[in-house]
Amino acid sequence: MTTGLPMFPLGSVLLPGDLMRLHIFEPRYRAMVAACRAAEHPDFGVVLIERGSEVGGGDLRAAVATVARIVQLAESPDGRFGLVAIGMSRVSVHEWLPDDPYPVALVNDLPDTPPTPEELSEWVPDYAEAVALTRRTVGLAIELGVLDSTVRVDPGDDPARGSFALAAAAPLGPFDRYRILASTSVLERLQLLIEVLHDLEEVLHFRLAAGGDDAGTDT
C-alpha cells in the first residue's frame, strides 16, 4: 500500500531500532514536526542525501528510507524543536511530491524477503560471526577514540532485528549503513555486515598500529 510520508533528507542514515537526535531549525522542517505532532502517529521518514546539502533543498535522495517515530519532543521559545526519534521500519520511495511546505514522498513498506530453509540454516553461524566482529570493531574504535566507551553491543537473539542493531553500534559511515538498510533479506544483510566489518577491522588495526591517526569509517 502506497502512503504519503513527511520526509527529512539527511546526510546520515537511521536504522530500524536505532535512536536519532535532531535539532530542527529550518522553517519547512519546523512545519513538518508541527504536523507530525498533530498526527495520530508522530512519524516521518529519514532518507539519505546521496548528493547535495541538508539545507535549502535541491538534493539527490536515496530510494530506501526509514520510518522514524518521535519519542521525545521539546520546543524552544523561538520555535525551534529538539527531538529524539526511533527507527521503526523501512520503506521504499515510490514518488516524491513537491517540497511544499516540506518534503513528502509516496512510500511502500519494505519488509525482508522471507528466508528459504537453506537461508535459515545460515542465519545462526553468520549472526554469531557478525556479533563477534562488531564487538571487536567497537572495542578497537573505543581504543582509538572513535566511539564513546559507553557503547555496548547487545543485539539480542533475533538476527532480523539484531543485524540492524549491530550495524547501528559499529562505527560505519553513511554509505555502508545505507547498504545495510537497503539489503533485501536478513541473510544478505548479515553477509554484507560481515564483509564491511572485516574491512573496517583491518582499517582500525592499521590506524591503531600507526598511532591512531584520523579514523574515517566508510570502507
# chains A, B, ... in the order shown; residues from 1 in each chain; ligands from 1
$ residues_around --residues "stretch 95-101 of chain A" --least-positions-apart "4" --cutoff "6 Å" --atoms "only C-alpha atoms" --output "JSON, numbers by chain"
{"A": [28, 105, 106]}
$ closest_atom_pairs --of "stretch 94-144 of chain A" --to "stretch 184-200 of chain A" --cutoff "7 Å" --atoms "only C-alpha atoms" --output "JSON lines"
{"residue": "A:Asp112", "atom": "CA", "partner": "A:Ser185", "partner_atom": "CA", "distance": 4.7}
{"residue": "A:Thr113", "atom": "CA", "partner": "A:Ser185", "partner_atom": "CA", "distance": 5.1}
{"residue": "A:Glu119", "atom": "CA", "partner": "A:Leu187", "partner_atom": "CA", "distance": 6.5}
{"residue": "A:Trp123", "atom": "CA", "partner": "A:Leu187", "partner_atom": "CA", "distance": 6.3}
{"residue": "A:Asp126", "atom": "CA", "partner": "A:Leu190", "partner_atom": "CA", "distance": 6.4}
{"residue": "A:Tyr127", "atom": "CA", "partner": "A:Leu190", "partner_atom": "CA", "distance": 6.4}
{"residue": "A:Ala130", "atom": "CA", "partner": "A:Ile194", "partner_atom": "CA", "distance": 5.4}
{"residue": "A:Leu133", "atom": "CA", "partner": "A:Leu197", "partner_atom": "CA", "distance": 6.3}
{"residue": "A:Thr134", "atom": "CA", "partner": "A:Leu197", "partner_atom": "CA", "distance": 6.8}
$ write_last_selection --atoms "N, CA, C and O atoms" --output "mmCIF file, in the first residue's frame"
data_model
loop_
_atom_site.group_PDB
_atom_site.id
_atom_site.type_symbol
_atom_site.label_atom_id
_atom_site.label_comp_id
_atom_site.auth_asym_id
_atom_site.auth_seq_id
_atom_site.Cartn_x
_atom_site.Cartn_y
_atom_site.Cartn_z
ATOM 1 N N ASP A 112 11.646 -7.583 4.808
ATOM 2 C CA ASP A 112 12.648 -8.520 4.306
ATOM 3 C C ASP A 112 11.984 -9.603 3.471
ATOM 4 O O ASP A 112 10.842 -10.011 3.731
ATOM 5 N N THR A 113 12.707 -10.092 2.473
ATOM 6 C CA THR A 113 12.252 -11.247 1.715
ATOM 7 C C THR A 113 12.214 -12.467 2.633
ATOM 8 O O THR A 113 13.185 -12.716 3.358
ATOM 9 N N GLU A 119 18.521 -20.718 3.717
ATOM 10 C CA GLU A 119 18.994 -19.457 4.280
ATOM 11 C C GLU A 119 18.866 -19.458 5.807
ATOM 12 O O GLU A 119 19.761 -18.969 6.517
ATOM 13 N N TRP A 123 21.639 -18.530 9.089
ATOM 14 C CA TRP A 123 21.468 -17.387 9.981
ATOM 15 C C TRP A 123 22.318 -17.489 11.236
ATOM 16 O O TRP A 123 22.996 -16.533 11.617
ATOM 17 N N ASP A 126 26.246 -17.152 10.726
ATOM 18 C CA ASP A 126 26.555 -15.815 10.221
ATOM 19 C C ASP A 126 26.275 -14.748 11.274
ATOM 20 O O ASP A 126 27.034 -13.777 11.420
ATOM 21 N N TYR A 127 25.197 -14.924 12.014
ATOM 22 C CA TYR A 127 24.866 -13.953 13.060
ATOM 23 C C TYR A 127 25.932 -13.976 14.161
ATOM 24 O O TYR A 127 26.377 -12.916 14.630
ATOM 25 N N ALA A 130 28.909 -12.135 12.876
ATOM 26 C CA ALA A 130 28.670 -10.689 12.823
ATOM 27 C C ALA A 130 28.732 -10.072 14.218
ATOM 28 O O ALA A 130 29.268 -8.972 14.396
ATOM 29 N N LEU A 133 32.437 -9.923 15.270
ATOM 30 C CA LEU A 133 33.136 -8.874 14.524
ATOM 31 C C LEU A 133 32.754 -7.487 15.037
ATOM 32 O O LEU A 133 33.605 -6.599 15.170
ATOM 33 N N THR A 134 31.475 -7.294 15.309
ATOM 34 C CA THR A 134 31.031 -5.991 15.809
ATOM 35 C C THR A 134 31.683 -5.677 17.143
ATOM 36 O O THR A 134 32.142 -4.553 17.380
#
$ select_by_dssp --residues "stretch 4-157 of chain A" --states "strand (DSSP E or B)" --output "PyMOL selection string"
chain A and resi 4-10+19-24+43-51+60-75+81-96+104-109
$ residues_around --residues "A:Val46" --least-positions-apart "3" --cutoff "6 Å" --atoms "only C-alpha atoms" --output "list in words"
Met7, Phe8, Pro9, Ala65 and Thr66 of chain A
$ write_last_selection --atoms "all heavy atoms" --output "PDB file, in the first residue's frame"
ATOM      1  N   MET A   7       9.048  13.710   4.950  1.00  0.00           N
ATOM      2  CA  MET A   7      10.408  13.187   4.829  1.00  0.00           C
ATOM      3  C   MET A   7      11.432  14.222   5.284  1.00  0.00           C
ATOM      4  O   MET A   7      11.296  15.418   5.026  1.00  0.00           O
ATOM      5  CB  MET A   7      10.696  12.790   3.381  1.00  0.00           C
ATOM      6  CG  MET A   7       9.771  11.720   2.831  1.00  0.00           C
ATOM      7  SD  MET A   7       9.991  10.099   3.599  1.00  0.00           S
ATOM      8  CE  MET A   7      11.463   9.531   2.750  1.00  0.00           C
ATOM      9  N   PHE A   8      12.477  13.710   5.935  1.00  0.00           N
ATOM     10  CA  PHE A   8      13.590  14.548   6.379  1.00  0.00           C
ATOM     11  C   PHE A   8      14.858  14.015   5.711  1.00  0.00           C
ATOM     12  O   PHE A   8      15.429  13.023   6.166  1.00  0.00           O
ATOM     13  CB  PHE A   8      13.722  14.489   7.891  1.00  0.00           C
ATOM     14  CG  PHE A   8      14.498  15.632   8.491  1.00  0.00           C
ATOM     15  CD1 PHE A   8      14.172  16.135   9.746  1.00  0.00           C
ATOM     16  CD2 PHE A   8      15.563  16.223   7.821  1.00  0.00           C
ATOM     17  CE1 PHE A   8      14.880  17.178  10.315  1.00  0.00           C
ATOM     18  CE2 PHE A   8      16.269  17.262   8.365  1.00  0.00           C
ATOM     19  CZ  PHE A   8      15.927  17.751   9.620  1.00  0.00           C
ATOM     20  N   PRO A   9      15.310  14.633   4.615  1.00  0.00           N
ATOM     21  CA  PRO A   9      16.579  14.219   3.987  1.00  0.00           C
ATOM     22  C   PRO A   9      17.763  14.635   4.856  1.00  0.00           C
ATOM     23  O   PRO A   9      17.852  15.776   5.302  1.00  0.00           O
ATOM     24  CB  PRO A   9      16.578  14.970   2.653  1.00  0.00           C
ATOM     25  CG  PRO A   9      15.156  15.414   2.447  1.00  0.00           C
ATOM     26  CD  PRO A   9      14.619  15.649   3.822  1.00  0.00           C
ATOM     27  N   ALA A  65      14.232   4.449   2.689  1.00  0.00           N
ATOM     28  CA  ALA A  65      14.221   5.338   3.849  1.00  0.00           C
ATOM     29  C   ALA A  65      13.761   4.568   5.079  1.00  0.00           C
ATOM     30  O   ALA A  65      13.325   3.415   4.981  1.00  0.00           O
ATOM     31  CB  ALA A  65      13.302   6.529   3.590  1.00  0.00           C
ATOM     32  N   THR A  66      13.853   5.225   6.215  1.00  0.00           N
ATOM     33  CA  THR A  66      13.425   4.635   7.488  1.00  0.00           C
ATOM     34  C   THR A  66      12.309   5.467   8.086  1.00  0.00           C
ATOM     35  O   THR A  66      12.420   6.701   8.163  1.00  0.00           O
ATOM     36  CB  THR A  66      14.604   4.566   8.473  1.00  0.00           C
ATOM     37  OG1 THR A  66      15.675   3.845   7.882  1.00  0.00           O
ATOM     38  CG2 THR A  66      14.191   3.874   9.768  1.00  0.00           C
TER      39      THR A  66
END
$ residues_around --residues "A:Ala141" --least-positions-apart "6" --cutoff "10 Å" --atoms "only C-alpha atoms" --output "list in words"
Arg135, Leu147, Asp148, Ser149, Ala170, Pro171, Leu200, Glu201, Leu204, His205, Arg207, Leu208, Gly212, Ala215 and Thr217 of chain A
$ select_by_dssp --residues "stretch 108-208 of chain A" --states "alpha helix (DSSP H)" --output "NGL selection string"
:A and (117-144 or 159-169 or 174-181 or 186-208)
$ residues_around --residues "A:Leu14" --least-positions-apart "4" --cutoff "12 Å" --atoms "only C-alpha atoms" --output "MDAnalysis selection string"
chainID A and resid 8:10 18:22 44:48 64:69 84:90 164:165 167:169 172:182
$ atom_distance --atom1 "atom CA of A:Ile24" --atom2 "atom CA of A:Gly82"
6.2 Å
